[in-house]
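Undergrad: Following this message is one structure expressed as structure tokens.
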Amino acid sequence: MKSKMVLLLPAILGLLWVVPATAGDHVEAAEEYETDSETGLIKAPGFDTVKNNCTVCHSARLFTSRGYTRKIWLEQIRWMQDTQGLWEFSPEVEEEILDYLETFYPPN
Amino acid sequence: MTDHKNDGSEMDRKSEEETRETEQLTETGAARRGFLGRLGKGSAALAVMGLGAETAMQTMFQRSTLSSAVAAGIEGFHVEGKVDGVIWLNDRPINGELPPHLLHDEVTPFPNMFVRNNGVPPEKAGIDASAWTLTVHGEAANEEKSYTIADLKEKFEHHTLQIWIECGGNGRAAFEPSPRGNQWDLGAVGCPTWTGVRLRDVLEDVGYDADKAEYIGFKAGDAHLSGRDDLDALSRGCPMRKAVEDETLIVWAMNGEDIPEQHGYPLRLITPGFPGSASGKWLTEILVRDREHDGQGMTGHSYRVPRHPVEPGADVPNEDMVVLEEMPVKSLITYPQTGAETSVGSTLKVAGKAWDGYGDVEELHVSTDFGVTWQKADLKRPVNKFAWQTWEADIEFSEPGFHQVWAVATNSKGDRQPMVLPGWNPRGYGNNKAHHIDVRVKA
């Protein structure tokens with residue numbers, strides 16, 4: 001039932017509106033990727049980087065129980081770097097983490 | 001309570017929403033009410049109404065990926081001795097709350113006491129309580145002085161008080177846009193008894209400059225999540241006015257026994273009426289500060305609220321945030337569990353707890369018509385200041401169908417709980433919206 005809803009509605013919406021490509025990707029992503037049994041994270045591109053950088057000190061649940069915008073995700077990273085002992089990321093790693101979080105854990 | 005009628009239109013809308021949401025509840029899913037409700041009904045409605053396609057897509061995405069994982073808390077995680085119904089929000093750090101019906105005990109026993117950790121607690125097995133020391137020092141202290149727990153027990157008068165502790169973020173899950181932090185629903189609160197000495201007596205024994213002393217801060221034995229020794233997991237405190245109150249305690253026992261590991265063994269602070277984070281666990285130091293304490297959890301947005309009301313989602317600069325102090329008046333219906341059944345003509349006993357950051361709840365009212373009319377409940381006086389108060393009311397339903405019972409507490413200053421969500425704030429503190437249960441009434 002759940003998977004039918006997910007598959008059908010985008011199709012219907014696609015007929016009525018021009019669906020933004022990114023939104024379509026989200027839905028496909030949900031169907032396409034498995035969930036990591038250890039962390040609960042979606043095993044999509046960027047997963048390894050996020051797991052290795054964001055679940056060393058705390059569980060993934062601390063940041064996946066609700067979703068946020070890219071701006072808020074970045075603020076949270078900066079807060080952890082400034083006050084909580086999080087290491088600096090290279091620009092590429094930071095982009096990968098933000099892309100992953102923005103795409104797969106957007107605001108509810 | 002007649003002025004509640006003024007809430008008319010807003011209340012109707014909110015109540016309908018609540019009704020639809022609660023219909024989808026399962027017992028363990030209760031904690032995720034708002035979230036589940038939105039996930040369950042959002043996608044189709046949005047599509048039909050022609051709201052942005054991307055929004056609809058995102059809603060469906062959420063539904064398909066997150067709902068089952070979030071709804072029941074962490075599966076398979078458990079803290080030894082805790083009751084089965086705890087909703088574990090996180091395992092690293094450990095955070096878990098109770099559904100309201102498991103908070104019915106007048107004195108909260110260990111199995112039913114919520115857990116909110118910021119870091120990693122010291123293992124009880126590795127602690128020699130006889131060697132544990134509390135050191136008092138700081139800019140406004142006359143000297144640095146250390147006490148063993150035996151010293152505290154020997155030197156100062158003992159006090160046993162029943163005092164509630166509520167996480168500042170209890171109720172956070174209801175705010176939109178979603179504030180960061182544990183998504184507490186209703187049950188990050190409990191009221192055990194605590195045995196120890198007055199913080200004031202210890203501060204006076206050390207001696208401090210009353211003109212200079214502004215604040216006390218604590219240091220604790222839990223480790224920062226990063227494992228770094230130079231960072232505290234939590235180092236909060238309270239202003240001197242609070243530190244010297246009769247009920248502000250340094251305690252070694254909870255419900256007459258050693259404090260359990262997750263609750264601060266072997267020594268903790270109890271700062272009544274303030275957010276739970278002011279009641280530092282695994283207490284090792286007390287700083288008598290000449291300024292507002294600036295330890296971990298005191299600055300930025302942590303445990304702070306906007307000085308003036310802000311619109312939901314506002315980006316509030318640090319300088320416009322102030323420390324959250326007294327928690328607002330609040331109540332829970334702890335009996336029966338939501339979803340109870342009764343029949344027309346029979347009496348349903350409804351009961352619960354009420355508490356207030358300033359210490360006394362004056363009245364509690366219940367409503368079965370969404371606040372149009374109110375019935376005064378029988379509210380007991382607290383066993384001591386800052387103990388939660390038990391209340392009960394006998395309710396009769398005149399017609400069959402789906403009903404709700406709402407409870408609203410009023411404190412000694414005349415402040416009442418709102419039936420709508422109070423003002424949004426960046427970290428989602430102080431949500432004291434009235435609680436309700438669903439009741440199905442048979443003919």
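If you're wondering about the labels, chains in the structure tokens are A, B, ... by order shown, residues count from 1 in each chain, ligands from 1 in order shown.
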When DSSP works through the backbone of this structure, what residues of region 173-336 of chain B end up as strand (DSSP E), shown as a PyMOL selection string?

TA: chain B and resi 189-190+193-198+215-220+237-239+249-254+257-258+268-270+283-289+304-306+321-323+330-335

Undergrad: When distances are computed from only C-alpha atoms, which of A:Leu41, A:Ile77, A:Cys57, A:Leu101 shows the smallest separation from chain B?

TA: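 Of A:Leu41, A:Ile77, A:Cys57, A:Leu101, the one nearest chain B is A:Cys57, counting only C-alpha atoms.
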
Undergrad: Using only C-alpha atoms, which residue out of A:Trp79, A:Phe89, A:Ile97, A:Ser59 lies closest to chain B?

TA: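 Nearest candidate to chain B out of A:Trp79, A:Phe89, A:Ile97, A:Ser59: A:Ser59.
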
Undergrad: Counting only C-alpha atoms, which residue out of A:Arg78, A:Arg61, A:Lys43, A:Lys71 sits closest to chain B?

TA: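 Selected residue with least distance to chain B: A:Arg61.
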
Undergrad: Nearest to chain A: which of B:Gly401, B:Gly227, B:Gly276, B:Gly430 is it, counting only C-alpha atoms?

TA: B:Gly227

Undergrad: Which residues come within 8 Å of Thr49 (chain A), counting only C-alpha atoms, excluding same-chain residues fewer than 4 positions away, as an MDAnalysis selection string?

TA: chainID A and resid 53 93 96:97

Undergrad: Please dump the current selection as a PDB file, in the first residue's frame; keep N, CA, C and O atoms.

TA:
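Output (part_13.pdb):
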```
ATOM      1  N   ASN A  53      31.958  10.665   9.410  1.00  0.00           N
ATOM      2  CA  ASN A  53      32.194  11.969  10.039  1.00  0.00           C
ATOM      3  C   ASN A  53      31.143  12.353  11.071  1.00  0.00           C
ATOM      4  O   ASN A  53      31.408  13.171  11.938  1.00  0.00           O
ATOM      5  N   VAL A  93      34.533  17.328   1.262  1.00  0.00           N
ATOM      6  CA  VAL A  93      33.813  16.507   2.248  1.00  0.00           C
ATOM      7  C   VAL A  93      32.593  17.262   2.773  1.00  0.00           C
ATOM      8  O   VAL A  93      31.499  16.698   2.879  1.00  0.00           O
ATOM      9  N   GLU A  96      29.864  17.180   0.242  1.00  0.00           N
ATOM     10  CA  GLU A  96      29.256  15.850   0.133  1.00  0.00           C
ATOM     11  C   GLU A  96      28.273  15.619   1.283  1.00  0.00           C
ATOM     12  O   GLU A  96      27.165  15.113   1.087  1.00  0.00           O
ATOM     13  N   ILE A  97      28.697  16.019   2.487  1.00  0.00           N
ATOM     14  CA  ILE A  97      27.834  15.852   3.660  1.00  0.00           C
ATOM     15  C   ILE A  97      26.577  16.700   3.518  1.00  0.00           C
ATOM     16  O   ILE A  97      25.455  16.233   3.734  1.00  0.00           O
TER      17      ILE A  97
END
```

Undergrad: With a distance cut-off of 9 Å and only C-alpha atoms, select the neighbouring residues of Gly428 (chain B), excluding the residue or stretch itself and same-chain residues fewer than 6 positions from it, and output the selection as a ChimeraX atom specification.

TA: /B:168-176,178-181,305

Undergrad: Counting only C-alpha atoms, what is within 12 Å of Asp315 (chain B), bar same-chain residues fewer than 6 positions away, as a PDB file with C-alpha atoms, in the first residue's frame?

TA:
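Saved as part25.pdb:
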```
ATOM      1  CA  LYS A  71      21.537  26.389   5.857  1.00  0.00           C
ATOM      2  CA  ILE A  72      20.559  24.851   9.197  1.00  0.00           C
ATOM      3  CA  GLU A  75      24.953  26.004  11.047  1.00  0.00           C
TER       4      GLU A  75
ATOM      5  CA  PRO B 177       9.670  24.502  11.898  1.00  0.00           C
ATOM      6  CA  PRO B 179      13.877  22.995  16.367  1.00  0.00           C
ATOM      7  CA  HIS B 301      21.042  29.182  21.754  1.00  0.00           C
ATOM      8  CA  PRO B 306      14.271  34.847  22.666  1.00  0.00           C
ATOM      9  CA  MET B 321      18.549  35.160  23.619  1.00  0.00           C
ATOM     10  CA  TRP B 424       7.959  29.206  18.701  1.00  0.00           C
ATOM     11  CA  ASN B 425      11.573  29.560  19.791  1.00  0.00           C
ATOM     12  CA  PRO B 426      14.746  28.421  18.030  1.00  0.00           C
ATOM     13  CA  ARG B 427      15.436  25.406  20.247  1.00  0.00           C
TER      14      ARG B 427
END
```

Undergrad: Taking into account only C-alpha atoms, which residue in the set B:Gly207, B:Pro111, B:Gly300, B:Gly196 is nearest to chain A?

TA: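 Closest residue, counting only C-alpha atoms: B:Gly300.
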
Undergrad: If we count only C-alpha atoms and set the cut-off at 12 Å, which residues sit around Met80 (chain A), ignoring sequence neighbours fewer than 6 positions away in its own chain? Please answer as a VMD selection string.

TA: (chain A and resid 53 to 54 57 to 58 73 to 74 86 to 89) or (chain B and resid 225 to 226 231)

Undergrad: Just to be explicit: take each residue in the selection above, keep C-alpha atoms, and write the result as an mmCIF file, in the first residue's frame.

TA:
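What landed in out04.cif:
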```
data_model
loop_
_atom_site.group_PDB
_atom_site.id
_atom_site.type_symbol
_atom_site.label_atom_id
_atom_site.label_comp_id
_atom_site.auth_asym_id
_atom_site.auth_seq_id
_atom_site.Cartn_x
_atom_site.Cartn_y
_atom_site.Cartn_z
ATOM 1 C CA ASN A 53 32.194 11.969 10.039
ATOM 2 C CA CYS A 54 28.837 12.263 11.762
ATOM 3 C CA CYS A 57 30.610 10.766 18.698
ATOM 4 C CA HIS A 58 26.824 10.447 18.601
ATOM 5 C CA TRP A 73 22.655 21.727 8.550
ATOM 6 C CA LEU A 74 25.675 23.966 7.911
ATOM 7 C CA LEU A 86 34.214 18.444 15.622
ATOM 8 C CA TRP A 87 37.166 18.430 13.222
ATOM 9 C CA GLU A 88 37.422 20.674 10.143
ATOM 10 C CA PHE A 89 36.204 19.194 6.866
ATOM 11 C CA LEU B 225 30.550 12.867 23.415
ATOM 12 C CA SER B 226 33.711 13.629 21.459
ATOM 13 C CA LEU B 231 35.234 19.826 26.833
#
```

Undergrad: Which region 325-441 of chain B residues have any atom within 12 Å of an atom of region 266-271 of chain B, and for each, what is the nearest pair of atoms with distance in Å to one decimal, counting only C-alpha atoms, rows sorted by chain and number, as a tab-separated table?

TA:
```
residue	atom	partner	partner_atom	distance
B:Glu325	CA	B:Thr271	CA	10.2
B:Glu326	CA	B:Thr271	CA	10.1
B:Met327	CA	B:Thr271	CA	11.4
B:Gly357	CA	B:Thr271	CA	10.4
B:Tyr358	CA	B:Thr271	CA	11.7
B:Gly359	CA	B:Thr271	CA	11.8
B:Phe386	CA	B:Thr271	CA	9.9
```

Undergrad: Export C-alpha atoms of the chosen residues as a PDB file, in the first residue's frame?

TA:
```
ATOM      1  CA  GLU B 325      14.714  29.896  34.022  1.00  0.00           C
ATOM      2  CA  GLU B 326      11.391  28.909  35.655  1.00  0.00           C
ATOM      3  CA  MET B 327       9.486  26.326  33.603  1.00  0.00           C
ATOM      4  CA  GLY B 357       8.266  26.435  37.844  1.00  0.00           C
ATOM      5  CA  TYR B 358       7.369  28.800  40.681  1.00  0.00           C
ATOM      6  CA  GLY B 359       6.224  25.994  42.907  1.00  0.00           C
ATOM      7  CA  PHE B 386       8.144  21.799  43.933  1.00  0.00           C
TER       8      PHE B 386
END
```

Undergrad: How many Å separate CA of Glu144 (chain B) from CA of Asn117 (chain B)?

TA: 28.4 Å
